[in-house]
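Next up, protein.cif (mmCIF, C-alpha atoms):
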```
data_my_file
#
loop_
_atom_site.group_PDB
_atom_site.id
_atom_site.type_symbol
_atom_site.label_atom_id
_atom_site.label_comp_id
_atom_site.auth_asym_id
_atom_site.auth_seq_id
_atom_site.Cartn_x
_atom_site.Cartn_y
_atom_site.Cartn_z
ATOM 1 C CA MET G 1 -8.549 49.086 27.999
ATOM 2 C CA ARG G 2 -5.502 46.933 27.157
ATOM 3 C CA SER G 3 -2.283 48.645 26.250
ATOM 4 C CA PRO G 4 -1.905 48.911 22.447
ATOM 5 C CA TRP G 5 1.708 47.705 22.459
ATOM 6 C CA LEU G 6 0.574 44.266 23.658
ATOM 7 C CA ARG G 7 -1.341 43.782 20.410
ATOM 8 C CA TRP G 8 1.759 44.431 18.325
ATOM 9 C CA LEU G 9 3.927 42.333 20.604
ATOM 10 C CA ILE G 10 1.826 39.163 20.461
ATOM 11 C CA LEU G 11 2.197 38.663 16.701
ATOM 12 C CA PRO G 12 6.016 38.653 16.590
ATOM 13 C CA LEU G 13 6.048 36.551 19.763
ATOM 14 C CA VAL G 14 4.117 33.833 17.921
ATOM 15 C CA VAL G 15 5.348 34.272 14.342
ATOM 16 C CA VAL G 16 9.078 34.739 14.944
ATOM 17 C CA PRO G 17 9.737 31.497 16.883
ATOM 18 C CA VAL G 18 7.602 29.395 14.521
ATOM 19 C CA GLY G 19 9.246 30.968 11.464
ATOM 20 C CA TRP G 20 12.688 30.476 12.967
ATOM 21 C CA LEU G 21 11.956 26.795 13.676
ATOM 22 C CA LEU G 22 10.682 26.236 10.150
ATOM 23 C CA PHE G 23 13.541 27.990 8.379
ATOM 24 C CA THR G 24 16.332 26.505 10.464
ATOM 25 C CA GLY G 25 14.756 23.048 10.796
ATOM 26 C CA LEU G 26 13.882 22.563 7.148
ATOM 27 C CA GLY G 27 17.303 23.664 5.983
ATOM 28 C CA ARG G 28 19.189 21.199 8.157
ATOM 29 C CA ASP G 29 20.542 17.933 6.830
ATOM 30 C CA PRO G 30 19.558 15.137 9.242
ATOM 31 C CA ARG G 31 22.699 13.257 8.226
ATOM 32 C CA LEU G 32 24.783 15.952 9.929
ATOM 33 C CA ILE G 33 23.573 14.931 13.374
ATOM 34 C CA PRO G 34 26.672 14.252 15.495
ATOM 35 C CA SER G 35 27.712 10.618 15.630
ATOM 36 C CA PRO G 36 27.304 8.936 19.014
ATOM 37 C CA LEU G 37 30.686 7.306 18.343
ATOM 38 C CA ILE G 38 32.603 10.548 18.889
ATOM 39 C CA GLY G 39 34.825 10.174 21.965
ATOM 40 C CA LYS G 40 34.387 6.399 22.010
ATOM 41 C CA PRO G 41 36.690 3.592 20.852
ATOM 42 C CA MET G 42 36.397 2.868 17.154
ATOM 43 C CA PRO G 43 34.237 -0.164 16.417
ATOM 44 C CA ALA G 44 36.531 -3.074 15.630
ATOM 45 C CA PHE G 45 36.211 -4.854 12.310
ATOM 46 C CA VAL G 46 37.753 -7.751 10.481
ATOM 47 C CA GLY G 47 37.163 -9.044 6.985
ATOM 48 C CA THR G 48 38.346 -9.391 3.427
ATOM 49 C CA THR G 49 39.731 -6.524 1.396
ATOM 50 C CA LEU G 50 39.240 -5.725 -2.260
ATOM 51 C CA ASP G 51 42.593 -7.416 -2.919
ATOM 52 C CA GLY G 52 41.428 -10.598 -1.210
ATOM 53 C CA ASP G 53 43.553 -10.136 1.916
ATOM 54 C CA GLN G 54 42.369 -10.381 5.492
ATOM 55 C CA PHE G 55 42.456 -7.084 7.339
ATOM 56 C CA SER G 56 41.319 -5.975 10.771
ATOM 57 C CA SER G 57 41.149 -2.682 12.621
ATOM 58 C CA ALA G 58 43.992 -4.002 14.815
ATOM 59 C CA ASP G 59 46.229 -3.777 11.723
ATOM 60 C CA LEU G 60 45.978 0.026 11.799
ATOM 61 C CA GLY G 61 49.051 -0.145 14.000
ATOM 62 C CA GLY G 62 48.364 2.348 16.771
ATOM 63 C CA LYS G 63 48.608 5.322 14.413
ATOM 64 C CA PRO G 64 46.006 8.030 13.833
ATOM 65 C CA ALA G 65 43.685 6.660 11.187
ATOM 66 C CA ILE G 66 40.904 7.558 8.825
ATOM 67 C CA VAL G 67 38.135 5.137 7.945
ATOM 68 C CA ASN G 68 36.615 6.193 4.635
ATOM 69 C CA PHE G 69 33.266 4.743 3.530
ATOM 70 C CA TRP G 70 32.892 4.928 -0.240
ATOM 71 C CA ALA G 71 31.291 3.327 -3.269
ATOM 72 C CA SER G 72 31.753 3.318 -7.033
ATOM 73 C CA TYR G 73 28.162 4.518 -7.574
ATOM 74 C CA CYS G 74 28.726 7.503 -5.308
ATOM 75 C CA ILE G 75 29.162 10.083 -8.060
ATOM 76 C CA PRO G 76 30.243 12.840 -7.998
ATOM 77 C CA SER G 77 30.984 12.961 -4.253
ATOM 78 C CA CYS G 78 33.391 10.006 -4.098
ATOM 79 C CA VAL G 79 35.030 11.114 -7.353
ATOM 80 C CA ASP G 80 35.473 14.617 -5.920
ATOM 81 C CA GLU G 81 37.144 13.410 -2.742
ATOM 82 C CA HIS G 82 39.359 10.813 -4.403
ATOM 83 C CA PRO G 83 42.237 13.224 -5.249
ATOM 84 C CA VAL G 84 42.062 14.560 -1.674
ATOM 85 C CA LEU G 85 42.522 11.027 -0.335
ATOM 86 C CA LEU G 86 45.365 10.310 -2.764
ATOM 87 C CA ASP G 87 47.089 13.527 -1.717
ATOM 88 C CA LEU G 88 46.585 12.656 1.951
ATOM 89 C CA ALA G 89 48.171 9.240 1.461
ATOM 90 C CA ALA G 90 51.100 10.760 -0.435
ATOM 91 C CA ARG G 91 51.836 13.298 2.315
ATOM 92 C CA HIS G 92 51.011 11.182 5.404
ATOM 93 C CA GLY G 93 51.703 7.628 4.310
ATOM 94 C CA ASP G 94 54.017 7.089 7.297
ATOM 95 C CA ASP G 95 52.138 8.733 10.141
ATOM 96 C CA LEU G 96 48.512 8.104 9.187
ATOM 97 C CA ALA G 97 46.771 4.778 8.622
ATOM 98 C CA MET G 98 44.015 4.732 6.025
ATOM 99 C CA VAL G 99 41.361 2.169 5.304
ATOM 100 C CA GLY G 100 38.426 2.273 2.932
ATOM 101 C CA VAL G 101 35.136 0.487 3.457
ATOM 102 C CA LEU G 102 32.803 -0.269 0.555
ATOM 103 C CA VAL G 103 29.146 0.607 1.103
ATOM 104 C CA SER G 104 26.688 -1.703 -0.670
ATOM 105 C CA ASP G 105 29.036 -2.039 -3.631
ATOM 106 C CA THR G 106 30.403 -4.863 -5.752
ATOM 107 C CA PRO G 107 34.127 -5.668 -5.924
ATOM 108 C CA ASP G 108 34.051 -5.241 -9.711
ATOM 109 C CA GLY G 109 32.399 -1.850 -9.430
ATOM 110 C CA ALA G 110 34.978 -0.724 -6.866
ATOM 111 C CA ARG G 111 37.898 -1.994 -8.970
ATOM 112 C CA GLY G 112 36.517 -0.174 -11.999
ATOM 113 C CA PHE G 113 36.303 3.045 -10.007
ATOM 114 C CA LEU G 114 39.930 2.768 -8.856
ATOM 115 C CA ALA G 115 41.140 1.912 -12.356
ATOM 116 C CA ARG G 116 39.426 5.014 -13.679
ATOM 117 C CA TYR G 117 40.142 7.560 -10.953
ATOM 118 C CA GLY G 118 43.437 6.303 -9.496
ATOM 119 C CA GLU G 119 44.680 3.209 -7.675
ATOM 120 C CA VAL G 120 45.186 3.584 -3.942
ATOM 121 C CA SER G 121 47.818 2.343 -1.531
ATOM 122 C CA TRP G 122 45.428 1.562 1.329
ATOM 123 C CA PRO G 123 43.108 -1.422 1.711
ATOM 124 C CA SER G 124 39.353 -1.326 1.180
ATOM 125 C CA MET G 125 37.109 -3.654 3.124
ATOM 126 C CA LEU G 126 34.467 -5.440 1.044
ATOM 127 C CA ASN G 127 31.897 -5.124 3.869
ATOM 128 C CA SER G 128 29.599 -7.500 1.964
ATOM 129 C CA ASP G 129 27.143 -7.944 4.845
ATOM 130 C CA GLY G 130 27.067 -4.213 5.653
ATOM 131 C CA GLN G 131 28.078 -4.893 9.253
ATOM 132 C CA ILE G 132 30.868 -2.282 9.326
ATOM 133 C CA SER G 133 28.424 0.336 7.993
ATOM 134 C CA ILE G 134 25.987 -0.528 10.789
ATOM 135 C CA ASP G 135 28.690 -0.461 13.465
ATOM 136 C CA TYR G 136 29.759 3.030 12.361
ATOM 137 C CA GLY G 137 26.188 4.272 11.858
ATOM 138 C CA VAL G 138 26.887 5.179 8.242
ATOM 139 C CA THR G 139 24.045 6.925 6.405
ATOM 140 C CA GLY G 140 25.591 6.718 2.940
ATOM 141 C CA PRO G 141 28.867 7.239 1.108
ATOM 142 C CA PRO G 142 31.060 9.155 1.307
ATOM 143 C CA GLU G 143 31.516 9.334 5.038
ATOM 144 C CA THR G 144 34.824 9.517 6.872
ATOM 145 C CA PHE G 145 35.775 8.851 10.481
ATOM 146 C CA PHE G 146 38.930 10.287 12.028
ATOM 147 C CA VAL G 147 40.477 8.139 14.757
ATOM 148 C CA ASP G 148 43.336 9.131 17.045
ATOM 149 C CA ALA G 149 46.388 6.996 17.901
ATOM 150 C CA GLU G 150 44.557 5.580 20.939
ATOM 151 C CA GLY G 151 41.773 4.310 18.725
ATOM 152 C CA ILE G 152 39.221 6.926 19.836
ATOM 153 C CA VAL G 153 36.869 8.356 17.197
ATOM 154 C CA VAL G 154 37.450 12.110 17.201
ATOM 155 C CA ALA G 155 35.369 13.247 14.227
ATOM 156 C CA ARG G 156 33.008 12.183 11.493
ATOM 157 C CA HIS G 157 32.661 13.958 8.174
ATOM 158 C CA VAL G 158 29.564 13.360 6.051
ATOM 159 C CA GLY G 159 30.015 14.124 2.363
ATOM 160 C CA PRO G 160 33.118 14.483 0.200
ATOM 161 C CA LEU G 161 36.387 15.304 1.919
ATOM 162 C CA THR G 162 37.973 18.588 0.957
ATOM 163 C CA ALA G 163 41.478 19.908 1.581
ATOM 164 C CA ALA G 164 40.048 22.265 4.224
ATOM 165 C CA VAL G 165 38.249 19.465 6.090
ATOM 166 C CA VAL G 166 41.360 17.279 5.990
ATOM 167 C CA ALA G 167 43.567 20.122 7.271
ATOM 168 C CA ARG G 168 41.160 20.791 10.151
ATOM 169 C CA GLU G 169 40.860 17.152 11.212
ATOM 170 C CA LEU G 170 44.589 16.425 10.826
ATOM 171 C CA ALA G 171 45.243 19.244 13.280
ATOM 172 C CA VAL G 172 42.826 17.569 15.725
ATOM 173 C CA LEU G 173 44.775 14.317 15.270
ATOM 174 C CA GLY G 174 48.020 16.154 16.015
ATOM 175 C CA LEU G 175 49.375 15.897 12.458
ATOM 176 C CA LYS G 176 50.672 18.679 10.249
ATOM 177 C CA PRO G 177 48.091 19.575 7.569
ATOM 178 C CA MET V 1 -44.466 -14.117 22.526
ATOM 179 C CA ARG V 2 -44.405 -10.370 22.983
ATOM 180 C CA ARG V 3 -43.796 -10.913 26.705
ATOM 181 C CA LEU V 4 -40.597 -12.817 25.893
ATOM 182 C CA ALA V 5 -39.198 -10.153 23.562
ATOM 183 C CA LEU V 6 -37.725 -7.950 26.306
ATOM 184 C CA PRO V 7 -35.951 -10.759 28.199
ATOM 185 C CA ILE V 8 -34.596 -12.181 24.923
ATOM 186 C CA ALA V 9 -33.301 -8.754 23.881
ATOM 187 C CA MET V 10 -31.740 -8.245 27.332
ATOM 188 C CA ALA V 11 -30.108 -11.683 27.187
ATOM 189 C CA ALA V 12 -28.748 -10.988 23.707
ATOM 190 C CA LEU V 13 -27.338 -7.648 24.850
ATOM 191 C CA LEU V 14 -25.720 -9.244 27.905
ATOM 192 C CA ALA V 15 -24.209 -11.989 25.751
ATOM 193 C CA LEU V 16 -22.843 -9.404 23.318
ATOM 194 C CA GLY V 17 -21.396 -7.343 26.192
ATOM 195 C CA GLY V 18 -19.822 -10.494 27.614
ATOM 196 C CA LEU V 19 -18.207 -11.313 24.277
ATOM 197 C CA VAL V 20 -16.806 -7.772 23.984
ATOM 198 C CA VAL V 21 -15.361 -7.928 27.518
ATOM 199 C CA LEU V 22 -13.924 -11.378 26.806
ATOM 200 C CA GLU V 23 -12.264 -10.100 23.655
ATOM 201 C CA LEU V 24 -10.804 -7.121 25.522
ATOM 202 C CA VAL V 25 -9.394 -9.044 28.489
ATOM 203 C CA ARG V 26 -8.225 -12.115 26.560
ATOM 204 C CA PRO V 27 -4.414 -12.165 26.516
ATOM 205 C CA ALA V 28 -3.068 -11.600 23.001
ATOM 206 C CA ALA V 29 -1.010 -14.367 21.441
ATOM 207 C CA PRO V 30 2.708 -13.590 21.739
ATOM 208 C CA PRO V 31 4.082 -12.156 18.487
ATOM 209 C CA THR V 32 6.179 -14.435 16.334
ATOM 210 C CA ARG V 33 9.822 -13.586 15.711
ATOM 211 C CA ALA V 34 8.977 -12.365 12.201
ATOM 212 C CA GLU V 35 6.263 -10.077 13.619
ATOM 213 C CA GLN V 36 8.671 -8.746 16.240
ATOM 214 C CA ALA V 37 11.318 -8.110 13.583
ATOM 215 C CA ARG V 38 8.750 -6.328 11.408
ATOM 216 C CA ARG V 39 7.662 -4.112 14.321
ATOM 217 C CA ILE V 40 11.233 -3.153 15.179
ATOM 218 C CA GLY V 41 11.961 -2.516 11.488
ATOM 219 C CA ASP V 42 8.892 -0.257 11.330
ATOM 220 C CA GLU V 43 10.325 1.886 14.128
ATOM 221 C CA LEU V 44 13.791 2.324 12.612
ATOM 222 C CA ARG V 45 14.654 4.837 9.897
ATOM 223 C CA CYS V 46 16.256 3.494 6.745
ATOM 224 C CA PRO V 47 19.712 5.115 6.918
ATOM 225 C CA ASP V 48 20.115 5.823 3.220
ATOM 226 C CA CYS V 49 16.587 6.737 2.109
ATOM 227 C CA GLN V 50 14.138 9.549 2.622
ATOM 228 C CA ALA V 51 11.286 9.045 5.103
ATOM 229 C CA LEU V 52 11.148 5.266 4.837
ATOM 230 C CA SER V 53 11.420 2.721 7.593
ATOM 231 C CA VAL V 54 13.858 -0.166 7.564
ATOM 232 C CA ALA V 55 10.881 -2.512 7.118
ATOM 233 C CA GLU V 56 9.660 -0.660 4.013
ATOM 234 C CA SER V 57 12.940 0.016 2.245
ATOM 235 C CA GLU V 58 14.597 -2.196 -0.343
ATOM 236 C CA THR V 59 18.088 -0.713 -0.019
ATOM 237 C CA ALA V 60 21.028 -2.908 0.915
ATOM 238 C CA ALA V 61 21.564 -0.942 4.135
ATOM 239 C CA ALA V 62 17.965 -1.561 5.243
ATOM 240 C CA ALA V 63 18.279 -5.245 4.340
ATOM 241 C CA ALA V 64 21.461 -5.497 6.454
ATOM 242 C CA ILE V 65 19.660 -3.936 9.419
ATOM 243 C CA ARG V 66 16.688 -6.307 8.982
ATOM 244 C CA ARG V 67 19.122 -9.247 8.981
ATOM 245 C CA GLN V 68 20.772 -7.889 12.117
ATOM 246 C CA ILE V 69 17.384 -7.549 13.872
ATOM 247 C CA ILE V 70 16.461 -11.160 13.085
ATOM 248 C CA GLU V 71 19.864 -12.412 14.257
ATOM 249 C CA GLN V 72 19.644 -10.479 17.503
ATOM 250 C CA LEU V 73 16.103 -11.725 18.191
ATOM 251 C CA ALA V 74 17.345 -15.276 17.574
ATOM 252 C CA ASP V 75 20.109 -14.622 20.106
ATOM 253 C CA GLY V 76 17.438 -13.794 22.688
ATOM 254 C CA ARG V 77 17.825 -10.005 22.783
ATOM 255 C CA SER V 78 14.720 -7.985 23.591
ATOM 256 C CA PRO V 79 13.243 -5.357 21.219
ATOM 257 C CA ASP V 80 14.411 -2.619 23.626
ATOM 258 C CA GLN V 81 17.955 -3.978 23.571
ATOM 259 C CA ILE V 82 17.907 -4.115 19.773
ATOM 260 C CA ARG V 83 16.641 -0.534 19.490
ATOM 261 C CA ALA V 84 19.362 0.555 21.945
ATOM 262 C CA TYR V 85 21.953 -1.249 19.801
ATOM 263 C CA PHE V 86 21.064 0.860 16.754
ATOM 264 C CA VAL V 87 20.701 4.096 18.746
ATOM 265 C CA ALA V 88 24.250 3.539 20.101
ATOM 266 C CA ARG V 89 25.519 3.541 16.498
ATOM 267 C CA TYR V 90 23.268 5.996 14.649
ATOM 268 C CA GLY V 91 21.968 8.128 17.515
ATOM 269 C CA ASP V 92 18.295 8.914 18.224
ATOM 270 C CA TRP V 93 18.024 9.858 14.534
ATOM 271 C CA ILE V 94 17.548 6.192 13.670
ATOM 272 C CA LEU V 95 14.241 6.135 15.579
ATOM 273 C CA LEU V 96 11.268 7.226 13.476
ATOM 274 C CA ALA V 97 9.281 8.197 16.585
ATOM 275 C CA PRO V 98 10.762 10.650 19.094
ATOM 276 C CA PRO V 99 12.063 8.804 22.175
ATOM 277 C CA SER V 100 10.497 11.278 24.611
ATOM 278 C CA PRO V 101 6.697 10.965 25.012
ATOM 279 C CA PHE V 102 6.705 14.694 25.827
ATOM 280 C CA ALA V 103 7.543 15.420 22.170
ATOM 281 C CA TRP V 104 4.121 14.114 21.072
ATOM 282 C CA TRP V 105 2.417 16.870 23.061
ATOM 283 C CA ILE V 106 4.294 19.734 21.408
ATOM 284 C CA PRO V 107 2.110 19.922 18.234
ATOM 285 C CA ALA V 108 -1.102 19.661 20.301
ATOM 286 C CA ALA V 109 0.145 22.387 22.650
ATOM 287 C CA ALA V 110 1.111 24.570 19.653
ATOM 288 C CA VAL V 111 -2.392 24.166 18.151
ATOM 289 C CA LEU V 112 -4.035 24.991 21.503
ATOM 290 C CA VAL V 113 -1.881 28.093 22.017
ATOM 291 C CA GLY V 114 -2.461 29.170 18.411
ATOM 292 C CA THR V 115 -6.244 28.740 18.731
ATOM 293 C CA GLY V 116 -6.218 30.692 21.999
ATOM 294 C CA VAL V 117 -4.237 33.546 20.478
ATOM 295 C CA LEU V 118 -6.522 33.632 17.420
ATOM 296 C CA ALA V 119 -9.672 33.626 19.571
ATOM 297 C CA TRP V 120 -8.276 36.416 21.731
ATOM 298 C CA TRP V 121 -7.313 38.363 18.609
ATOM 299 C CA LEU V 122 -10.763 37.996 17.009
ATOM 300 C CA ARG V 123 -12.673 38.860 20.221
ATOM 301 C CA ARG V 124 -10.528 41.900 20.764
ATOM 302 C CA GLY V 125 -11.033 43.037 17.156
ATOM 303 C CA ARG V 126 -14.835 42.668 17.423
ATOM 304 C CA ARG V 127 -14.982 44.586 20.712
ATOM 305 C CA SER V 128 -12.912 47.470 19.400
ATOM 306 C CA ALA V 129 -14.674 47.619 16.009
ATOM 307 C CA VAL V 130 -15.815 51.070 14.916
ATOM 308 C CA PRO V 131 -19.566 51.415 15.730
ATOM 309 C CA VAL V 132 -21.893 51.807 12.762
ATOM 310 C CA SER V 133 -23.342 55.354 12.625
ATOM 311 C CA PRO V 134 -27.104 55.615 12.985
ATOM 312 C CA ALA V 135 -29.148 56.277 9.833
ATOM 313 C CA PRO V 136 -29.639 59.997 9.155
ATOM 314 C CA PRO V 137 -33.061 61.426 9.979
ATOM 315 C CA ARG V 138 -35.754 61.392 7.290
ATOM 316 C CA ARG V 139 -35.499 65.138 6.703
ATOM 317 C CA THR V 140 -31.759 64.865 5.921
ATOM 318 C CA ARG V 141 -32.335 61.943 3.572
ATOM 319 C CA ASP V 142 -35.034 63.891 1.701
ATOM 320 C CA GLN V 143 -32.689 66.851 1.437
ATOM 321 C CA ILE V 144 -29.883 64.651 0.038
ATOM 322 C CA ARG V 145 -32.248 63.059 -2.505
ATOM 323 C CA ASP V 146 -33.441 66.516 -3.655
ATOM 324 C CA GLU V 147 -29.870 67.717 -4.092
ATOM 325 C CA VAL V 148 -28.905 64.614 -6.103
ATOM 326 C CA GLU V 149 -31.967 65.066 -8.343
ATOM 327 C CA GLN V 150 -31.040 68.703 -8.930
ATOM 328 C CA LEU V 151 -27.516 67.677 -9.877
ATOM 329 C CA ASP V 152 -28.811 64.998 -12.257
ATOM 330 C CA ALA V 153 -31.253 67.425 -13.920
#
```

With the file now loaded, output its structure as structure tokens.
Amino acid sequence: MRSPWLRWLILPLVVVPVGWLLFTGLGRDPRLIPSPLIGKPMPAFVGTTLDGDQFSSADLGGKPAIVNFWASYCIPSCVDEHPVLLDLAARHGDDLAMVGVLVSDTPDGARGFLARYGEVSWPSMLNSDGQISIDYGVTGPPETFFVDAEGIVVARHVGPLTAAVVARELAVLGLKP
Amino acid sequence: MRRLALPIAMAALLALGGLVVLELVRPAAPPTRAEQARRIGDELRCPDCQALSVAESETAAAAAIRRQIIEQLADGRSPDQIRAYFVARYGDWILLAPPSPFAWWIPAAAVLVGTGVLAWWLRRGRRSAVPVSPAPPRRTRDQIRDEVEQLDA
């Protein structure tokens, strides 16, 4: 005769792992998978900005930088993070380089967004062919990459930036929050 | 005529078998660049949609990736190199099929284990089922019937 405890053990042994996989797996956002760019040099880019100027990643000037992918149709996430970006630029204009990159957006749409929610002091790449989005593996706006002074990608944030996220990543970049 | 039926049938069968073998061993025509691009697009996940491939999606991001695939094929890069290019940027997530062939066996193994556990469970339950008691003897049944009739009266 088999021991009775085995009968009661087999059910949790099967049900618990399957249940755990289902509950944890289904609740995860696939966009939060770590970027393979972390720890690697930032992908270089060059192109036209929203203001019609030429800008390249080399113009970031050897400072820690953030590369923010955004779009005018990205509501409410891009609207929510806009004041955080404005605040960041106001406090770290001298020691942090910032650049925006439009994701599948029109220049008119982007200009309308800035006119409504606040003009910015940093350039935004038009990214008309989507090449910068591909090079950074962007899954959709908003998405932000934090780059150190050596040009190494140290973090990626998917979704709207918050003051807490900015404080955490600035510390990683060696800047005061 | 009847004597010829068997050889004719055999010849027809042999000819059919030969055609099947010929079709199987004949080298397939190399895919065109458009076909190659379509196949690669089928294997890549559209970055800004839900459960759609790059080949199926109409988003601007998917269109940019399709353009990139065609350009890279024109530059002479192989499908493996192109897939690696996108994996280096998006991670394995961009691949719709898991990169490890081992992953395909996990669901089959889970079904096999589950079936085994269920079979073991059912067999065990049947073996340990409570035996049915034998029917009471006729005398007892008569006695019960009499008592029920008395109660009903």

Taking every listed atom of range 64-77 of chain G and adding 5 Å to each side, what centre and edge lengths in Å (one decimal) does the axis-aligned box have, as AutoDock Vina command-line options?
```
--center_x 37.1 --center_y 8.1 --center_z 2.9 --size_x 27.8 --size_y 19.6 --size_z 31.9
```

Could you name the residues that touch range 84-90 of chain G at 7 Å or less, counting all atoms listed in the file, but leaving out those on the same chain fewer than 3 positions away, as an mmCIF file with C-alpha atoms, in the coordinates of the input?
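File result29.cif, as written:
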```cif
data_model
loop_
_atom_site.group_PDB
_atom_site.id
_atom_site.type_symbol
_atom_site.label_atom_id
_atom_site.label_comp_id
_atom_site.auth_asym_id
_atom_site.auth_seq_id
_atom_site.Cartn_x
_atom_site.Cartn_y
_atom_site.Cartn_z
ATOM 1 C CA GLU G 81 37.144 13.410 -2.742
ATOM 2 C CA GLY G 93 51.703 7.628 4.310
ATOM 3 C CA VAL G 120 45.186 3.584 -3.942
ATOM 4 C CA LEU G 161 36.387 15.304 1.919
ATOM 5 C CA THR G 162 37.973 18.588 0.957
ATOM 6 C CA ALA G 163 41.478 19.908 1.581
#
```

Practice task
Considering all atoms listed in the file, state which residue in the set V:Gly116, V:Pro30, V:Gly91, V:Pro98 is at the smallest distance from chain G.
Solution key: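 Result for the nearest residue to chain G: V:Gly91.
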
Problem - Residue neighbourhood Val138 in chain G, 12 Å, all atoms listed in the file, exclusion window fewer than 4 positions, as JSON, numbers by chain - result: {"G": [31, 32, 33, 34, 35, 36, 37, 67, 68, 69, 70, 101, 102, 103, 104, 130, 131, 132, 133, 134, 142, 143, 144, 145, 156, 157, 158, 159], "V": [46, 47, 48, 61, 62, 65, 86, 89, 90, 91, 93, 94]}

Resulting file, chosen residues, C-alpha atoms, as a PDB file, in the coordinates of the input:
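So the final result, stored in part-v9.pdb, reads:
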```pdb
ATOM      1  CA  ARG G  31      22.699  13.257   8.226  1.00  0.00           C
ATOM      2  CA  LEU G  32      24.783  15.952   9.929  1.00  0.00           C
ATOM      3  CA  ILE G  33      23.573  14.931  13.374  1.00  0.00           C
ATOM      4  CA  PRO G  34      26.672  14.252  15.495  1.00  0.00           C
ATOM      5  CA  SER G  35      27.712  10.618  15.630  1.00  0.00           C
ATOM      6  CA  PRO G  36      27.304   8.936  19.014  1.00  0.00           C
ATOM      7  CA  LEU G  37      30.686   7.306  18.343  1.00  0.00           C
ATOM      8  CA  VAL G  67      38.135   5.137   7.945  1.00  0.00           C
ATOM      9  CA  ASN G  68      36.615   6.193   4.635  1.00  0.00           C
ATOM     10  CA  PHE G  69      33.266   4.743   3.530  1.00  0.00           C
ATOM     11  CA  TRP G  70      32.892   4.928  -0.240  1.00  0.00           C
ATOM     12  CA  VAL G 101      35.136   0.487   3.457  1.00  0.00           C
ATOM     13  CA  LEU G 102      32.803  -0.269   0.555  1.00  0.00           C
ATOM     14  CA  VAL G 103      29.146   0.607   1.103  1.00  0.00           C
ATOM     15  CA  SER G 104      26.688  -1.703  -0.670  1.00  0.00           C
ATOM     16  CA  GLY G 130      27.067  -4.213   5.653  1.00  0.00           C
ATOM     17  CA  GLN G 131      28.078  -4.893   9.253  1.00  0.00           C
ATOM     18  CA  ILE G 132      30.868  -2.282   9.326  1.00  0.00           C
ATOM     19  CA  SER G 133      28.424   0.336   7.993  1.00  0.00           C
ATOM     20  CA  ILE G 134      25.987  -0.528  10.789  1.00  0.00           C
ATOM     21  CA  PRO G 142      31.060   9.155   1.307  1.00  0.00           C
ATOM     22  CA  GLU G 143      31.516   9.334   5.038  1.00  0.00           C
ATOM     23  CA  THR G 144      34.824   9.517   6.872  1.00  0.00           C
ATOM     24  CA  PHE G 145      35.775   8.851  10.481  1.00  0.00           C
ATOM     25  CA  ARG G 156      33.008  12.183  11.493  1.00  0.00           C
ATOM     26  CA  HIS G 157      32.661  13.958   8.174  1.00  0.00           C
ATOM     27  CA  VAL G 158      29.564  13.360   6.051  1.00  0.00           C
ATOM     28  CA  GLY G 159      30.015  14.124   2.363  1.00  0.00           C
TER      29      GLY G 159
ATOM     30  CA  CYS V  46      16.256   3.494   6.745  1.00  0.00           C
ATOM     31  CA  PRO V  47      19.712   5.115   6.918  1.00  0.00           C
ATOM     32  CA  ASP V  48      20.115   5.823   3.220  1.00  0.00           C
ATOM     33  CA  ALA V  61      21.564  -0.942   4.135  1.00  0.00           C
ATOM     34  CA  ALA V  62      17.965  -1.561   5.243  1.00  0.00           C
ATOM     35  CA  ILE V  65      19.660  -3.936   9.419  1.00  0.00           C
ATOM     36  CA  PHE V  86      21.064   0.860  16.754  1.00  0.00           C
ATOM     37  CA  ARG V  89      25.519   3.541  16.498  1.00  0.00           C
ATOM     38  CA  TYR V  90      23.268   5.996  14.649  1.00  0.00           C
ATOM     39  CA  GLY V  91      21.968   8.128  17.515  1.00  0.00           C
ATOM     40  CA  TRP V  93      18.024   9.858  14.534  1.00  0.00           C
ATOM     41  CA  ILE V  94      17.548   6.192  13.670  1.00  0.00           C
TER      42      ILE V  94
END
```

Exercise for the section: Calculate how many Å separate CA of Phe23 in chain G from CA of Pro99 in chain V, rounding to one decimal. Expected result: 23.7 Å

Problem - One-decimal distance in Å that lies between CA of Val99 in chain G and CA of Ala58 in chain G - result: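 Value for the CA of Ala58 in chain G-CA of Val99 in chain G distance: 11.6 Å.
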
Exercise for the section: Quick one: everything within 7 Å of Leu44 in chain V, counting all atoms listed in the file, minus sequence neighbours fewer than 2 positions away in the same chain. Send it as a ChimeraX atom specification. Expected result: /V:40-42,46,53-54,94-96

Handout entry: Polymer residues at most 10 Å from (40.4, 9.7, 14.6) by all atoms listed in the file, as a PyMOL selection string
Key = chain G and resi 38-39+41-42+63-67+96+144-156+169-170+172-173

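CA of Thr32 in chain V to CA of Leu73 in chain V spans 10.5 Å [interatomic distance, one decimal].
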